[in-house]
>>> print(open('coords.cif').read())   # mmCIF, C-alpha atoms; chains and numbers go by the auth columns
data_model
loop_
_atom_site.group_PDB
_atom_site.id
_atom_site.type_symbol
_atom_site.label_atom_id
_atom_site.label_comp_id
_atom_site.label_asym_id
_atom_site.label_seq_id
_atom_site.Cartn_x
_atom_site.Cartn_y
_atom_site.Cartn_z
_atom_site.B_iso_or_equiv
_atom_site.auth_seq_id
_atom_site.auth_asym_id
ATOM 1 C CA MET A 1 2.800 -8.427 22.479 0.00 82 A
ATOM 2 C CA LYS A 2 4.680 -10.012 19.591 0.00 83 A
ATOM 3 C CA SER A 3 5.070 -13.754 19.348 0.00 84 A
ATOM 4 C CA GLU A 4 8.505 -15.377 19.393 0.00 85 A
ATOM 5 C CA THR A 5 8.020 -16.573 15.811 0.00 86 A
ATOM 6 C CA SER A 6 7.047 -13.090 14.649 0.00 87 A
ATOM 7 C CA LYS A 7 10.069 -11.612 16.424 0.00 88 A
ATOM 8 C CA GLN A 8 12.344 -14.233 14.845 0.00 89 A
ATOM 9 C CA HIS A 9 10.991 -13.458 11.365 0.00 90 A
ATOM 10 C CA GLN A 10 11.490 -9.743 11.931 0.00 91 A
ATOM 11 C CA ASP A 11 15.058 -10.363 13.068 0.00 92 A
ATOM 12 C CA GLU A 12 15.685 -12.369 9.882 0.00 93 A
ATOM 13 C CA SER A 13 14.135 -9.641 7.706 0.00 94 A
ATOM 14 C CA SER A 14 16.145 -6.985 5.933 0.00 95 A
ATOM 15 C CA ASP A 15 15.341 -3.265 5.844 0.00 96 A
ATOM 16 C CA ASP A 16 16.835 -3.293 2.342 0.00 97 A
ATOM 17 C CA ILE A 17 13.504 -3.227 0.543 0.00 98 A
ATOM 18 C CA THR A 18 12.282 -1.232 -2.415 0.00 99 A
ATOM 19 C CA CYS A 19 8.979 0.575 -2.680 0.00 100 A
ATOM 20 C CA GLY A 20 6.934 2.339 -5.320 0.00 101 A
ATOM 21 C CA VAL A 21 4.090 4.821 -4.902 0.00 102 A
ATOM 22 C CA ILE A 22 1.154 5.182 -7.280 0.00 103 A
ATOM 23 C CA THR A 23 -1.385 7.973 -6.816 0.00 104 A
ATOM 24 C CA LEU A 24 -4.667 7.663 -8.668 0.00 105 A
ATOM 25 C CA SER A 25 -6.454 10.960 -9.140 0.00 106 A
ATOM 26 C CA ASP A 26 -8.506 12.719 -11.755 0.00 107 A
ATOM 27 C CA SER A 27 -8.237 16.032 -9.890 0.00 108 A
ATOM 28 C CA ARG A 28 -4.569 16.195 -8.853 0.00 109 A
ATOM 29 C CA LYS A 29 -2.539 17.046 -11.910 0.00 110 A
ATOM 30 C CA SER A 30 0.922 17.409 -10.372 0.00 111 A
ATOM 31 C CA LYS A 31 3.046 15.683 -7.750 0.00 112 A
ATOM 32 C CA LYS A 32 3.143 18.995 -5.883 0.00 113 A
ATOM 33 C CA ALA A 33 -0.638 18.823 -5.409 0.00 114 A
ATOM 34 C CA ASP A 34 -0.429 15.158 -4.380 0.00 115 A
ATOM 35 C CA LEU A 35 -0.087 15.488 -0.597 0.00 116 A
ATOM 36 C CA SER A 36 -0.810 11.819 0.076 0.00 117 A
ATOM 37 C CA GLY A 37 1.752 10.554 -2.414 0.00 118 A
ATOM 38 C CA GLU A 38 4.289 12.999 -1.027 0.00 119 A
ATOM 39 C CA TYR A 39 3.644 11.854 2.548 0.00 120 A
ATOM 40 C CA ILE A 40 4.028 8.176 1.610 0.00 121 A
ATOM 41 C CA SER A 41 7.209 8.909 -0.345 0.00 122 A
ATOM 42 C CA ASN A 42 8.774 10.853 2.520 0.00 123 A
ATOM 43 C CA GLU A 43 7.975 8.131 5.047 0.00 124 A
ATOM 44 C CA ILE A 44 9.349 5.418 2.754 0.00 125 A
ATOM 45 C CA GLU A 45 12.538 7.350 1.966 0.00 126 A
ATOM 46 C CA ALA A 46 13.211 7.763 5.697 0.00 127 A
ATOM 47 C CA ARG A 47 13.435 3.953 6.127 0.00 128 A
ATOM 48 C CA TYR A 48 13.613 2.131 2.825 0.00 129 A
ATOM 49 C CA THR A 49 14.389 2.710 -0.857 0.00 130 A
ATOM 50 C CA LEU A 50 11.840 4.569 -2.963 0.00 131 A
ATOM 51 C CA LYS A 51 12.220 3.290 -6.533 0.00 132 A
ATOM 52 C CA GLY A 52 9.493 5.388 -8.082 0.00 133 A
ATOM 53 C CA ARG A 53 6.477 7.594 -7.626 0.00 134 A
ATOM 54 C CA ILE A 54 3.873 8.218 -10.281 0.00 135 A
ATOM 55 C CA LEU A 55 0.587 10.051 -10.602 0.00 136 A
ATOM 56 C CA ILE A 56 -2.034 8.565 -12.924 0.00 137 A
ATOM 57 C CA PRO A 57 -5.732 9.161 -13.653 0.00 138 A
ATOM 58 C CA ASP A 58 -8.360 6.807 -12.195 0.00 139 A
ATOM 59 C CA GLU A 59 -8.050 4.391 -15.109 0.00 140 A
ATOM 60 C CA LYS A 60 -7.818 0.618 -14.900 0.00 141 A
ATOM 61 C CA ASP A 61 -5.306 0.212 -17.739 0.00 142 A
ATOM 62 C CA ALA A 62 -3.057 2.965 -16.387 0.00 143 A
ATOM 63 C CA LEU A 63 -3.035 1.303 -12.961 0.00 144 A
ATOM 64 C CA ILE A 64 -2.266 -2.145 -14.361 0.00 145 A
ATOM 65 C CA ASP A 65 0.523 -0.694 -16.520 0.00 146 A
ATOM 66 C CA ALA A 66 2.038 1.125 -13.523 0.00 147 A
ATOM 67 C CA ILE A 67 1.901 -2.008 -11.355 0.00 148 A
ATOM 68 C CA GLU A 68 3.398 -4.192 -14.092 0.00 149 A
ATOM 69 C CA LYS A 69 6.239 -1.696 -14.592 0.00 150 A
ATOM 70 C CA MET A 70 7.028 -1.671 -10.868 0.00 151 A
ATOM 71 C CA VAL A 71 6.803 -5.463 -10.604 0.00 152 A
ATOM 72 C CA SER A 72 9.114 -5.917 -13.595 0.00 153 A
ATOM 73 C CA ASP A 73 11.531 -3.502 -11.888 0.00 154 A
ATOM 74 C CA ASN A 74 11.539 -5.869 -8.860 0.00 155 A
ATOM 75 C CA THR A 75 9.772 -3.438 -6.541 0.00 156 A
ATOM 76 C CA ASP A 76 9.065 -5.236 -3.262 0.00 157 A
ATOM 77 C CA VAL A 77 6.191 -3.043 -2.004 0.00 158 A
ATOM 78 C CA ILE A 78 3.725 -1.049 -4.099 0.00 159 A
ATOM 79 C CA LEU A 79 1.661 1.533 -2.245 0.00 160 A
ATOM 80 C CA THR A 80 -1.352 3.022 -4.007 0.00 161 A
ATOM 81 C CA THR A 81 -3.372 5.970 -2.790 0.00 162 A
ATOM 82 C CA GLY A 82 -6.717 7.051 -4.165 0.00 163 A
ATOM 83 C CA GLY A 83 -9.526 5.338 -5.988 0.00 164 A
ATOM 84 C CA THR A 84 -10.720 3.183 -3.076 0.00 165 A
ATOM 85 C CA GLY A 85 -14.019 4.944 -2.439 0.00 166 A
ATOM 86 C CA LEU A 86 -17.513 4.464 -3.795 0.00 167 A
ATOM 87 C CA ASP A 87 -17.524 6.946 -6.681 0.00 168 A
ATOM 88 C CA SER A 88 -18.057 5.501 -10.139 0.00 169 A
ATOM 89 C CA ARG A 89 -14.463 6.431 -11.113 0.00 170 A
ATOM 90 C CA ASP A 90 -12.946 4.630 -8.078 0.00 171 A
ATOM 91 C CA ILE A 91 -11.417 1.547 -9.732 0.00 172 A
ATOM 92 C CA THR A 92 -8.404 0.761 -7.564 0.00 173 A
ATOM 93 C CA VAL A 93 -9.892 -2.024 -5.447 0.00 174 A
ATOM 94 C CA GLU A 94 -11.477 -3.942 -8.322 0.00 175 A
ATOM 95 C CA THR A 95 -8.306 -3.580 -10.377 0.00 176 A
ATOM 96 C CA VAL A 96 -5.745 -4.665 -7.785 0.00 177 A
ATOM 97 C CA GLU A 97 -7.874 -7.446 -6.346 0.00 178 A
ATOM 98 C CA SER A 98 -8.205 -8.949 -9.831 0.00 179 A
ATOM 99 C CA LEU A 99 -4.391 -9.278 -9.816 0.00 180 A
ATOM 100 C CA PHE A 100 -3.937 -10.671 -6.298 0.00 181 A
ATOM 101 C CA GLU A 101 -2.640 -14.196 -5.945 0.00 182 A
ATOM 102 C CA LYS A 102 -3.238 -13.913 -2.199 0.00 183 A
ATOM 103 C CA LYS A 103 -5.282 -11.288 -0.401 0.00 184 A
ATOM 104 C CA LEU A 104 -4.276 -9.889 2.998 0.00 185 A
ATOM 105 C CA ASP A 105 -7.689 -9.288 4.538 0.00 186 A
ATOM 106 C CA GLY A 106 -6.171 -8.132 7.837 0.00 187 A
ATOM 107 C CA PHE A 107 -4.887 -4.860 6.385 0.00 188 A
ATOM 108 C CA GLY A 108 -8.318 -3.613 5.334 0.00 189 A
ATOM 109 C CA GLU A 109 -9.921 -4.877 8.519 0.00 190 A
ATOM 110 C CA ILE A 110 -7.396 -3.181 10.818 0.00 191 A
ATOM 111 C CA PHE A 111 -7.410 -0.025 8.687 0.00 192 A
ATOM 112 C CA ARG A 112 -11.191 0.288 8.991 0.00 193 A
ATOM 113 C CA MET A 113 -11.031 -0.428 12.735 0.00 194 A
ATOM 114 C CA LYS A 114 -8.401 2.304 13.256 0.00 195 A
ATOM 115 C CA SER A 115 -10.322 4.662 10.984 0.00 196 A
ATOM 116 C CA TYR A 116 -13.505 4.015 12.923 0.00 197 A
ATOM 117 C CA GLU A 117 -11.689 5.054 16.104 0.00 198 A
ATOM 118 C CA GLU A 118 -10.657 8.295 14.352 0.00 199 A
ATOM 119 C CA ILE A 119 -13.660 9.261 12.208 0.00 200 A
ATOM 120 C CA GLY A 120 -16.573 7.080 13.275 0.00 201 A
ATOM 121 C CA SER A 121 -18.912 5.261 10.927 0.00 202 A
ATOM 122 C CA ALA A 122 -17.586 7.100 7.853 0.00 203 A
ATOM 123 C CA ALA A 123 -14.832 4.448 7.991 0.00 204 A
ATOM 124 C CA LEU A 124 -17.327 2.091 6.342 0.00 205 A
ATOM 125 C CA LEU A 125 -16.793 4.019 3.093 0.00 206 A
ATOM 126 C CA SER A 126 -13.207 2.786 2.866 0.00 207 A
ATOM 127 C CA ARG A 127 -12.325 -0.220 0.777 0.00 208 A
ATOM 128 C CA ALA A 128 -8.604 -0.283 1.596 0.00 209 A
ATOM 129 C CA THR A 129 -7.091 -3.604 0.552 0.00 210 A
ATOM 130 C CA ALA A 130 -3.798 -5.456 0.218 0.00 211 A
ATOM 131 C CA GLY A 131 -2.460 -8.543 -1.485 0.00 212 A
ATOM 132 C CA ILE A 132 0.399 -10.333 -3.163 0.00 213 A
ATOM 133 C CA TYR A 133 1.109 -10.147 -6.894 0.00 214 A
ATOM 134 C CA LYS A 134 4.182 -11.702 -8.516 0.00 215 A
ATOM 135 C CA LYS A 135 6.280 -11.569 -5.322 0.00 216 A
ATOM 136 C CA SER A 136 5.367 -7.924 -4.688 0.00 217 A
ATOM 137 C CA ILE A 137 2.963 -6.745 -2.024 0.00 218 A
ATOM 138 C CA ILE A 138 0.395 -4.121 -2.922 0.00 219 A
ATOM 139 C CA PHE A 139 -1.271 -1.921 -0.312 0.00 220 A
ATOM 140 C CA SER A 140 -4.151 0.212 -1.603 0.00 221 A
ATOM 141 C CA MET A 141 -5.126 3.126 0.604 0.00 222 A
ATOM 142 C CA PRO A 142 -7.645 5.940 0.327 0.00 223 A
ATOM 143 C CA GLY A 143 -6.499 9.265 -1.070 0.00 224 A
ATOM 144 C CA SER A 144 -6.828 11.502 1.964 0.00 225 A
ATOM 145 C CA PRO A 145 -3.618 12.426 3.800 0.00 226 A
ATOM 146 C CA ASN A 146 -5.120 11.409 7.154 0.00 227 A
ATOM 147 C CA ALA A 147 -6.106 7.984 5.808 0.00 228 A
ATOM 148 C CA VAL A 148 -2.619 7.486 4.372 0.00 229 A
ATOM 149 C CA LYS A 149 -1.083 8.354 7.745 0.00 230 A
ATOM 150 C CA THR A 150 -3.362 5.835 9.467 0.00 231 A
ATOM 151 C CA ALA A 151 -2.488 3.129 6.935 0.00 232 A
ATOM 152 C CA LEU A 152 1.250 3.720 7.149 0.00 233 A
ATOM 153 C CA ASP A 153 1.107 3.657 10.952 0.00 234 A
ATOM 154 C CA ILE A 154 -0.264 0.118 10.606 0.00 235 A
ATOM 155 C CA ILE A 155 2.192 -1.261 8.032 0.00 236 A
ATOM 156 C CA ILE A 156 5.446 0.694 7.819 0.00 237 A
ATOM 157 C CA ASP A 157 7.301 -1.152 10.570 0.00 238 A
ATOM 158 C CA GLU A 158 6.153 -4.533 9.232 0.00 239 A
ATOM 159 C CA LEU A 159 7.173 -4.026 5.600 0.00 240 A
ATOM 160 C CA PRO A 160 10.446 -5.977 5.979 0.00 241 A
ATOM 161 C CA HIS A 161 8.512 -8.802 7.650 0.00 242 A
ATOM 162 C CA PHE A 162 5.993 -8.894 4.774 0.00 243 A
ATOM 163 C CA VAL A 163 8.777 -8.918 2.195 0.00 244 A
ATOM 164 C CA HIS A 164 10.579 -11.685 4.112 0.00 245 A
ATOM 165 C CA HIS A 165 7.538 -13.930 3.609 0.00 246 A
ATOM 166 C CA ILE A 166 6.638 -13.075 0.016 0.00 247 A
ATOM 167 C CA LYS A 167 10.183 -13.604 -1.270 0.00 248 A
ATOM 168 C CA ARG A 168 10.385 -17.156 0.118 0.00 249 A
#
>>> encode(input="coords.cif", output="structure tokens")
Amino acid sequence: MKSETSKQHQDESSDDITCGVITLSDSRKSKKADLSGEYISNEIEARYTLKGRILIPDEKDALIDAIEKMVSDNTDVILTTGGTGLDSRDITVETVESLFEKKLDGFGEIFRMKSYEEIGSAALLSRATAGIYKKSIIFSMPGSPNAVKTALDIIIDELPHFVHHIKR
């Protein structure tokens, strides 16, 4: 059900894109315990180039520093997991949205729709978001492995298409 224009853009897109993964967690202290970050990394490495993966506490400054480092390293796609809920320590959404030059509302909308199909009204608790910052695209997903799988199912095939547009 793709449009001709969308197909043309995908054909013009390159799979040669770089990605970075940032996990925000106060409870996970090692990459080994970070199942969501590991899942994202494995899926990215199967298709694209994984430039880096880091685990940081739920801290605004740590998140901004990690994003700035990845952006300065010319990372095309930054994928964050964790910190999108309603707890007082969940700062991802407010932090990344303050950086966005353009917001991609469709990601959060489709993510919540797909989540609703899977888990019902608990999907309303998700604040997954995406946007553009300095010619990088940031996707912020919840921290649960199932939520990460749902999010990647939505975006992974389209990453080259996204990058095609943001680099123009």
>>> resolve_selection(input="coords.cif", expression="the PyMOL selection byres ((chain A and resi 175) around 10)", output="VMD selection string")
chain A and resid 141 164 to 165 171 to 174 176 to 180 208 210
>>> residues_around(input="coords.cif", residues="Gly133 of chain A", least_positions_apart="6", cutoff="10 Å", atoms="only C-alpha atoms", output="ChimeraX atom specification")
/A:99-103,122,151,154,156,159
>>> axis_aligned_box(input="coords.cif", around="segment 102-106 of chain A", padding_each_side="6 Å", output="AutoDock Vina command-line options")
--center_x -1.2 --center_y 7.9 --center_z -7.0 --size_x 22.5 --size_y 18.1 --size_z 16.2
>>> residues_near_point(input="coords.cif", point="(11.3, -3.7, 9.3)", cutoff="8 Å", atoms="all atoms listed in the file", output="VMD selection string")
chain A and resid 91 94 to 96 237 to 242
>>> residues_around(input="coords.cif", residues="Ala147 of chain A", least_positions_apart="4", cutoff="9 Å", atoms="only C-alpha atoms", output="PyMOL selection string")
chain A and resi 103+135+137+142-143+151-152
>>> resolve_selection(input="coords.cif", expression="the PyMOL selection byres ((chain A and resi 138) around 10)", output="PyMOL selection string")
chain A and resi 104-110+136-137+139-144+163-164+170
>>> resolve_selection(input="coords.cif", expression="the PyMOL selection byres ((chain A and resi 209) around 9)", output="PyMOL selection string")
chain A and resi 165-166+174+188-190+192-193+207-208+210-211+220-223+232
>>> write_last_selection(input="coords.cif", atoms="C-alpha atoms", output="mmCIF file, in the frame of the given file")
data_model
loop_
_atom_site.group_PDB
_atom_site.id
_atom_site.type_symbol
_atom_site.label_atom_id
_atom_site.label_comp_id
_atom_site.auth_asym_id
_atom_site.auth_seq_id
_atom_site.Cartn_x
_atom_site.Cartn_y
_atom_site.Cartn_z
ATOM 1 C CA THR A 165 -10.720 3.183 -3.076
ATOM 2 C CA GLY A 166 -14.019 4.944 -2.439
ATOM 3 C CA VAL A 174 -9.892 -2.024 -5.447
ATOM 4 C CA PHE A 188 -4.887 -4.860 6.385
ATOM 5 C CA GLY A 189 -8.318 -3.613 5.334
ATOM 6 C CA GLU A 190 -9.921 -4.877 8.519
ATOM 7 C CA PHE A 192 -7.410 -0.025 8.687
ATOM 8 C CA ARG A 193 -11.191 0.288 8.991
ATOM 9 C CA SER A 207 -13.207 2.786 2.866
ATOM 10 C CA ARG A 208 -12.325 -0.220 0.777
ATOM 11 C CA THR A 210 -7.091 -3.604 0.552
ATOM 12 C CA ALA A 211 -3.798 -5.456 0.218
ATOM 13 C CA PHE A 220 -1.271 -1.921 -0.312
ATOM 14 C CA SER A 221 -4.151 0.212 -1.603
ATOM 15 C CA MET A 222 -5.126 3.126 0.604
ATOM 16 C CA PRO A 223 -7.645 5.940 0.327
ATOM 17 C CA ALA A 232 -2.488 3.129 6.935
#
>>> decode(input="coords.cif", residues="segment 116-143 of chain A", atoms="C-alpha atoms", output="mmCIF file, in the first residue's frame")
data_model
loop_
_atom_site.group_PDB
_atom_site.id
_atom_site.type_symbol
_atom_site.label_atom_id
_atom_site.label_comp_id
_atom_site.auth_asym_id
_atom_site.auth_seq_id
_atom_site.Cartn_x
_atom_site.Cartn_y
_atom_site.Cartn_z
ATOM 1 C CA LEU A 116 17.562 -6.353 27.641
ATOM 2 C CA SER A 117 15.897 -3.555 25.680
ATOM 3 C CA GLY A 118 19.162 -1.899 24.702
ATOM 4 C CA GLU A 119 20.569 -5.277 23.725
ATOM 5 C CA TYR A 120 17.535 -6.069 21.563
ATOM 6 C CA ILE A 121 17.735 -2.707 19.769
ATOM 7 C CA SER A 122 21.480 -3.110 19.231
ATOM 8 C CA ASN A 123 21.111 -6.605 17.789
ATOM 9 C CA GLU A 124 18.354 -5.531 15.406
ATOM 10 C CA ILE A 125 20.348 -2.496 14.260
ATOM 11 C CA GLU A 126 23.561 -4.484 13.758
ATOM 12 C CA ALA A 127 21.682 -6.965 11.554
ATOM 13 C CA ARG A 128 20.842 -4.177 9.050
ATOM 14 C CA TYR A 129 22.794 -1.011 9.699
ATOM 15 C CA THR A 130 25.887 0.260 11.520
ATOM 16 C CA LEU A 131 25.759 0.546 15.300
ATOM 17 C CA LYS A 132 28.137 3.362 16.271
ATOM 18 C CA GLY A 133 27.558 3.210 19.996
ATOM 19 C CA ARG A 134 25.473 1.988 22.883
ATOM 20 C CA ILE A 135 25.432 3.576 26.303
ATOM 21 C CA LEU A 136 23.589 3.137 29.569
ATOM 22 C CA ILE A 137 22.917 6.257 31.641
ATOM 23 C CA PRO A 138 20.807 7.140 34.695
ATOM 24 C CA ASP A 139 17.485 8.967 34.246
ATOM 25 C CA GLU A 140 19.166 12.372 34.270
ATOM 26 C CA LYS A 141 18.485 15.246 31.901
ATOM 27 C CA ASP A 142 22.105 16.406 31.624
ATOM 28 C CA ALA A 143 23.382 12.874 31.019
#
